[in-house]
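**Q** Structure in C-alpha cells, see below.
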Amino acid sequence: MLSHTITFLCSLTNSSNMKKHMQYKPFLLSLILVGLVFIVDAQNTYKYSVDLTKVDSDQLHIELICPTVSQKEIIFYLPKIVPGTYMNSNYGKYVHNLKAFDKKGKELPVSAAGDNGWAIKKANKVSRITYNVEDTWDASINNMVYPMCGTSFEAGKNFVINTPGLFGYFDGMKKMPFQLSFTKPAGFYAATGLRPVSSTPVLDLFQCDNADNLYDSPIMFCLPDTTTVKVGNADVLVAVYSPHKLATSRYLAEHLEKLLMAARDYLGGKLPVDKYAFIYYFNGEQKKNPIGGAWEHSYSSFYALDEAPEKEAIEHWVDISSHEFFHIVTPLTISSREVKEFNFNETILSKHLWLYEGSTEYYAHHVQEYEGLKTPEQFLNTLSQKITISRSYYNDSLSFTELSKESAGKWAPQYGNVYQKGALISACLDLCLLKLSNAQYGLKDLKHDLGINYGKDKFFEDDTLFSVIAQLTYPELKDFFTTYVQGTTPIPYEQFFGLAGVDFIPKETYKEFTLGGFAVKVTENGNIAIGTKNLNDFGKKMGYKDGDEIISINDSPITAGNFEEKLDQLYANLKEGDAIHIKIKRRNATGQIEMVDLSAPATKIDKQRLNILRLNNNPTAEQLKIRNAWLNICDGRR
C-alpha cells in the first residue's frame, strides 16, 4: 500500500501541472507518509479501554479494538502461565461473557478453547472484542493465582492491575504493540514502571511494544503516596497503598535508597536500569491472602503483603525488595530461550532455577553483608536457616534441574526450595570460584561476564549453560554442576564453607529462655493466639488455655508484627527467676471475653540449634584470603 501511494504521488508530479505541484511535493509526501504510518499503526495495534470508575460485582468491563486479523479462524488468549511464577495461573478462568463483533457491530461466533482461549470464527472480520474480568484476590473460582501476580478491584480505593489478568492477545500476534486506556477516578495515580503516553486527572494512556512488554508491566491505581529517589543513574519510584497508613512511601524509600546505593556499588558502580518502580500493596482491609510475596519485572516489582507497622516490618520488606530488584540481572538479563521466548499458553520451563531464583536470593542477602548493611554473623545466620529449612522440609536429593523443569508440575511442592537450597548452591559456587581463582573471581564476576555474553536480547541454550560456565571460568565447575545441581548428591556444606574458614556445626545444645513452647497462631485482627498441644513445664506453670490471645508481655503491647522483636528485647535483659507477666484475652465458659494476667519465674531450658555456620577464629592464610574476598572485609572495614 505504501509503495502504491508513493507511485501515485510521483505520477501527479509528472503531469502537466508539474511546476505547480513541485513546490508542495515534499510536504505532500511527508503528509501522506505520516498518515499511512498512523493507519498502519492503528491496524496493527491492540487498543484496550478500561473504565475503573465502573466496577460491577468485583468485575471490570474490557473493550478491545482489534488489530487486523487475516485468518478466518483464530484463538484469542489470556495467559496460562507468566514468567517468574513457575505455576499455571490460568487467567482465562476469570473472564466472563466474551464476545466478538465485526465493524458493523454484528456478533461473530465464539467458542471456548480450553481454560484460557476462545476460538473466533470469521476472524478476518473481527473489529472489537468485549468481556468482563473478575479480580483474582477474592474470586470464588477454585484456581490459585499468587496474590502478587493477581488482580484486585476495590471501587474508589485501589486497583491492582497485573496485566495478564486483564488483557489478551491473538494466537501468533503477540509481537504487535498494545495501547491501554484507563478511565480512572479523579485524583488517582498510576504507579508503574511504564511511562504514560498521556495523562490527565481522569485518563491515562500507555503503550507497550508487545505482549512480553505488556505482561512485564504491573500498574496500581489509587490516591498517591509516592516518593522518588535518585540513585546514581536511576530514577526510582516508591509507591505505597496502606489503608491504615501503617506504611509510607517516604519511610520505605529511605531504607530502599540505602539498599540501592549498596546494589549500585555491588554491581560495579552503576545500576543496570535508568528507571525502576517499587509498587507496594499492604493488605489491611480485604480478607487475608494465604500467602504474600512479590513479582519481579524489568523496570518494576509489585508487592502484595499484609499491612504492618513499618518500623517493625521494614527489615523483612527490604529483604524481599532486594530479591526482586536483583532479578534485573537474572533472569531479566541473563536467561535461556525458554525465558526470553516465553510461551504464555504452554508450560515450558527452564532447568536453571538455581540461577534465576537461587542466585538472586543469594545476591539479596550477600549484597547487604558485602556493603556493610548487615554483619557477617547475620549473613551466616541467614544461610544457616536456609540449610535447616531445605533439609527439614524439602527433598535434599532431588536433582535441581529436574525440580526446575517440573516446578509447575509434579515437583510443584518442592518449588520453595529454590529460595533455600538454590541460594546455598550460589553460596557454594561463589566460594568454589574464589578458591579456584585465588580469591580474584567470584559469582559476581561470573554473572557480569554472562551478562556481557548474553544480555537482554540474547539467550543461552538450556542444555549448554554448565559447559559455557566451565569454559568461561574453570573446568572443575562442570563437576560441581553435574554432582550437586544436575545430580542428586546433597551438598557437603562443611566442605564449601570450610574454604572460607567457616565452621559447619550440624547440631549443638544451648540454654535459652522460654515462654512455654506454645504454638503461635495469627488471628484475623493481627494478634498472637496460643496453641497448647506441646506446652513445656513453664507453659504449664503459666496456665495457658488453647486460643488465649496475647495482649502484652511485661506491659509491652504484643502483635503478630512485633512479637519476635519484643521477645528479643525481653530475653536480652532477662535473668533466671525474674517474673514474666503475660496479659491474655480469653473466652470464658459463658462465651464472654475477659482479660487474665498470667505469671511465672523466668526459666531457661535446653534447646538445639541446627546447621550452624560460625567464623573460625584461627583460619589458615588461604582461608582468610577467601573469607575476606567473600565477605568484603579485606579493607579493614570490619
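Simple scheme: letters A, B, ... for chains in C-alpha cells order, numbers from 1 for residues in each chain, numbers from 1 for ligands in the order shown.
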Counting only C-alpha atoms, what are the residues of range 72-172 of chain A within 12 Å of range 269-279 of chain A, and for each of them which pair of atoms is the nearest and at what distance in Å, to one decimal? Sort the table by chain and rising number, as JSON lines.
**A**
{"residue": "A:Met148", "atom": "CA", "partner": "A:Ile279", "partner_atom": "CA", "distance": 10.4}
{"residue": "A:Val160", "atom": "CA", "partner": "A:Ile279", "partner_atom": "CA", "distance": 9.9}
{"residue": "A:Ile161", "atom": "CA", "partner": "A:Ile279", "partner_atom": "CA", "distance": 11.2}
{"residue": "A:Asn162", "atom": "CA", "partner": "A:Ile279", "partner_atom": "CA", "distance": 11.4}
**Q** Just want the 9 Å neighbourhood of range 435-441 of chain A, counted on only C-alpha atoms, with same-chain residues fewer than 6 positions away dropped. Output as a ChimeraX atom specification.
**A** /A:473-474,476,499-500,622-623,625-630
**Q** Go ahead and write the residues just picked, N, CA and C atoms, as a PDB file, in the first residue's frame.
**A**
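For reference, out.pdb as written:
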ATOM      1  N   THR A 473      35.169 -20.113  32.904  1.00  0.00           N
ATOM      2  CA  THR A 473      35.879 -19.996  34.186  1.00  0.00           C
ATOM      3  C   THR A 473      36.886 -21.131  34.376  1.00  0.00           C
ATOM      4  N   TYR A 474      36.434 -22.223  34.999  1.00  0.00           N
ATOM      5  CA  TYR A 474      37.325 -23.331  35.337  1.00  0.00           C
ATOM      6  C   TYR A 474      36.644 -24.657  35.017  1.00  0.00           C
ATOM      7  N   GLU A 476      36.775 -27.407  36.470  1.00  0.00           N
ATOM      8  CA  GLU A 476      36.304 -28.105  37.672  1.00  0.00           C
ATOM      9  C   GLU A 476      34.836 -27.819  37.973  1.00  0.00           C
ATOM     10  N   LEU A 499      36.115 -23.622  53.015  1.00  0.00           N
ATOM     11  CA  LEU A 499      37.073 -22.916  52.158  1.00  0.00           C
ATOM     12  C   LEU A 499      37.340 -21.505  52.665  1.00  0.00           C
ATOM     13  N   ALA A 500      36.357 -20.919  53.360  1.00  0.00           N
ATOM     14  CA  ALA A 500      36.496 -19.560  53.890  1.00  0.00           C
ATOM     15  C   ALA A 500      36.718 -19.556  55.396  1.00  0.00           C
ATOM     16  N   GLU A 622      45.158 -19.026  53.539  1.00  0.00           N
ATOM     17  CA  GLU A 622      44.333 -19.164  52.333  1.00  0.00           C
ATOM     18  C   GLU A 622      42.854 -18.982  52.660  1.00  0.00           C
ATOM     19  N   GLN A 623      42.407 -19.586  53.755  1.00  0.00           N
ATOM     20  CA  GLN A 623      41.011 -19.432  54.170  1.00  0.00           C
ATOM     21  C   GLN A 623      40.679 -17.972  54.446  1.00  0.00           C
ATOM     22  N   LYS A 625      42.085 -15.331  53.200  1.00  0.00           N
ATOM     23  CA  LYS A 625      42.055 -14.576  51.944  1.00  0.00           C
ATOM     24  C   LYS A 625      40.720 -14.766  51.232  1.00  0.00           C
ATOM     25  N   ILE A 626      40.245 -16.007  51.189  1.00  0.00           N
ATOM     26  CA  ILE A 626      38.947 -16.284  50.563  1.00  0.00           C
ATOM     27  C   ILE A 626      37.825 -15.637  51.365  1.00  0.00           C
ATOM     28  N   ARG A 627      37.895 -15.753  52.687  1.00  0.00           N
ATOM     29  CA  ARG A 627      36.860 -15.147  53.543  1.00  0.00           C
ATOM     30  C   ARG A 627      36.784 -13.639  53.325  1.00  0.00           C
ATOM     31  N   ASN A 628      37.934 -12.993  53.317  1.00  0.00           N
ATOM     32  CA  ASN A 628      37.948 -11.539  53.159  1.00  0.00           C
ATOM     33  C   ASN A 628      37.371 -11.107  51.817  1.00  0.00           C
ATOM     34  N   ALA A 629      37.689 -11.865  50.766  1.00  0.00           N
ATOM     35  CA  ALA A 629      37.131 -11.545  49.447  1.00  0.00           C
ATOM     36  C   ALA A 629      35.633 -11.812  49.412  1.00  0.00           C
ATOM     37  N   TRP A 630      35.211 -12.894  50.037  1.00  0.00           N
ATOM     38  CA  TRP A 630      33.801 -13.291  50.031  1.00  0.00           C
ATOM     39  C   TRP A 630      32.939 -12.300  50.809  1.00  0.00           C
TER      40      TRP A 630
END
**Q** Quick one: distance from CA of Ile320 in chain A to CA of Ser301 in chain A in Å, one decimal?
**A**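 Going from CA of Ile320 in chain A over to CA of Ser301 in chain A, I get 10.3 Å.
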**Q** I want to know what sits within 10 Å of Val126 in chain A, based on only C-alpha atoms, with residues of the same chain fewer than 6 positions away left out; could you give that as an MDAnalysis selection string?
**A** chainID A and resid 65:70 72:74 100:108 120
**Q** Measure the distance from CA of Asn90 in chain A to CA of Asn116 in chain A in Å and round it to one decimal.
**A**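 Rounded to one decimal, the two atoms are 6.2 Å apart.
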**Q** Looking at only C-alpha atoms, which of A:Thr388, A:Ser350, A:Gln207, A:Ser552 is the one that sits closest to Ile584 in chain A?
**A**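 Closest to Ile584 in chain A, using only C-alpha atoms: A:Ser552.
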**Q** List the spatial neighbours of Asn611 in chain A as a PyMOL selection string - criterion: any atom at most 10 Å away, only C-alpha atoms, same-chain residues fewer than 5 positions off excluded.
**A** chain A and resi 381+383-389+391+493-494+503-508
**Q** Using CA of His96 in chain A and CA of Ile62 in chain A as the two end points, give the distance in Å to one decimal.
**A**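 The value is 10.3 Å.
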**Q** At a cut-off of 12 Å, using only C-alpha atoms, what residues contact Glu377 in chain A? Leave out same-chain residues fewer than 6 positions from it and give the result as a PDB file with C-alpha atoms, in the first residue's frame.
**A**
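Just written: result.pdb:
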ATOM      1  CA  HIS A 365      21.383 -11.166  51.277  1.00  0.00           C
ATOM      2  CA  HIS A 366      25.022 -11.127  50.188  1.00  0.00           C
ATOM      3  CA  GLN A 368      23.632  -6.363  52.410  1.00  0.00           C
ATOM      4  CA  GLU A 369      26.583  -8.026  54.141  1.00  0.00           C
ATOM      5  CA  TYR A 370      29.097  -7.158  51.432  1.00  0.00           C
ATOM      6  CA  LEU A 383      22.423 -19.161  55.249  1.00  0.00           C
ATOM      7  CA  SER A 384      22.230 -21.440  58.290  1.00  0.00           C
ATOM      8  CA  VAL A 502      33.661 -21.060  58.336  1.00  0.00           C
ATOM      9  CA  ILE A 612      25.285 -23.522  62.463  1.00  0.00           C
ATOM     10  CA  LEU A 613      27.761 -21.560  60.365  1.00  0.00           C
ATOM     11  CA  ARG A 614      30.392 -19.861  62.509  1.00  0.00           C
ATOM     12  CA  LEU A 615      33.578 -17.984  61.675  1.00  0.00           C
ATOM     13  CA  ASN A 616      36.632 -19.969  62.778  1.00  0.00           C
ATOM     14  CA  LEU A 631      32.623 -11.047  52.870  1.00  0.00           C
ATOM     15  CA  ARG A 638      35.120  -4.941  59.634  1.00  0.00           C
TER      16      ARG A 638
END
**Q** Give the alpha helix (DSSP H) residues of range 277-457 of chain A, as assigned by DSSP on the backbone, as a short mmCIF file (atom, residue, chain, number, x, y, z; two decimals) with C-alpha atoms, in the first residue's frame.
**A**
data_model
loop_
_atom_site.label_atom_id
_atom_site.label_comp_id
_atom_site.auth_asym_id
_atom_site.auth_seq_id
_atom_site.Cartn_x
_atom_site.Cartn_y
_atom_site.Cartn_z
CA GLU A 310 6.64 -0.03 59.10
CA LYS A 311 9.30 0.11 61.81
CA GLU A 312 8.57 -3.47 62.81
CA ALA A 313 8.40 -4.92 59.29
CA ILE A 314 10.99 -2.89 57.40
CA GLU A 315 13.80 -5.48 57.57
CA HIS A 316 11.54 -8.12 56.04
CA TRP A 317 10.30 -5.71 53.38
CA VAL A 318 13.83 -4.70 52.42
CA ASP A 319 14.93 -8.34 52.14
CA ILE A 320 12.04 -9.08 49.76
CA SER A 321 12.65 -5.89 47.79
CA SER A 322 16.33 -6.72 47.46
CA HIS A 323 15.49 -10.11 45.97
CA GLU A 324 13.05 -8.67 43.44
CA PHE A 325 15.37 -5.87 42.41
CA PHE A 326 18.25 -8.23 41.69
CA ARG A 337 15.43 -19.44 25.32
CA GLU A 338 12.56 -20.71 27.50
CA VAL A 339 12.52 -17.37 29.34
CA LYS A 340 13.41 -14.95 26.53
CA LEU A 353 16.02 -22.00 38.66
CA SER A 359 21.42 -16.77 42.81
CA THR A 360 19.02 -13.83 43.07
CA GLU A 361 18.07 -14.82 46.62
CA TYR A 362 21.76 -15.20 47.44
CA TYR A 363 22.51 -11.76 45.99
CA ALA A 364 19.67 -10.23 48.01
CA HIS A 365 21.38 -11.17 51.28
CA HIS A 366 25.02 -11.13 50.19
CA VAL A 367 24.81 -7.52 48.98
CA GLN A 368 23.63 -6.36 52.41
CA GLU A 369 26.58 -8.03 54.14
CA TYR A 370 29.10 -7.16 51.43
CA PRO A 376 28.90 -11.35 58.62
CA GLU A 377 27.22 -13.14 61.53
CA GLN A 378 23.76 -12.06 60.36
CA PHE A 379 24.54 -13.22 56.84
CA LEU A 380 25.82 -16.60 58.01
CA ASN A 381 22.76 -17.00 60.21
CA THR A 382 20.55 -16.46 57.16
CA LEU A 383 22.42 -19.16 55.25
CA SER A 384 22.23 -21.44 58.29
CA GLN A 385 18.46 -21.06 58.41
CA LYS A 386 18.27 -21.90 54.71
CA ILE A 387 20.19 -25.15 55.28
CA THR A 388 17.80 -26.12 58.06
CA ILE A 389 14.66 -25.29 56.09
CA SER A 390 15.97 -27.01 52.97
CA ARG A 391 16.88 -30.21 54.78
CA SER A 392 13.81 -30.25 57.03
CA TYR A 393 11.04 -29.56 54.55
CA PHE A 400 17.72 -29.23 40.99
CA THR A 401 17.49 -29.13 37.20
CA GLU A 402 14.64 -31.65 37.32
CA LEU A 403 12.91 -29.59 40.02
CA SER A 404 13.21 -26.54 37.78
CA LYS A 405 11.75 -28.18 34.68
CA LYS A 421 18.93 -24.66 48.54
CA GLY A 422 19.00 -22.50 45.40
CA ALA A 423 20.66 -19.70 47.37
CA LEU A 424 23.02 -22.20 49.02
CA ILE A 425 24.10 -23.55 45.62
CA SER A 426 25.11 -20.00 44.73
CA ALA A 427 26.97 -19.52 48.03
CA CYS A 428 28.95 -22.71 47.41
CA LEU A 429 29.57 -21.77 43.77
CA ASP A 430 30.82 -18.36 44.90
CA LEU A 431 33.25 -19.96 47.35
CA CYS A 432 34.36 -22.54 44.80
CA LEU A 433 35.16 -19.79 42.27
CA LEU A 434 37.09 -17.80 44.88
CA LYS A 435 39.09 -20.91 45.79
CA LEU A 436 39.97 -21.69 42.16
CA LEU A 443 29.96 -15.27 41.44
CA LYS A 444 29.55 -11.52 40.88
CA ASP A 445 32.25 -11.67 38.24
CA LEU A 446 30.71 -14.74 36.61
CA LYS A 447 27.28 -13.12 36.33
CA HIS A 448 28.88 -9.95 35.00
CA ASP A 449 30.60 -11.96 32.26
CA LEU A 450 27.43 -13.91 31.47
CA GLY A 451 25.63 -10.58 31.17
CA ILE A 452 28.18 -9.42 28.60
CA ASN A 453 27.90 -12.68 26.65
#
**Q** Would you kindly return, as a PyMOL selection string, each protein, DNA or RNA residue with an atom no farther than 9 Å from any atom of Leu598 in chain A, considering only C-alpha atoms and excluding same-chain residues fewer than 2 positions away?
**A** chain A and resi 542-544+580-584+596+600
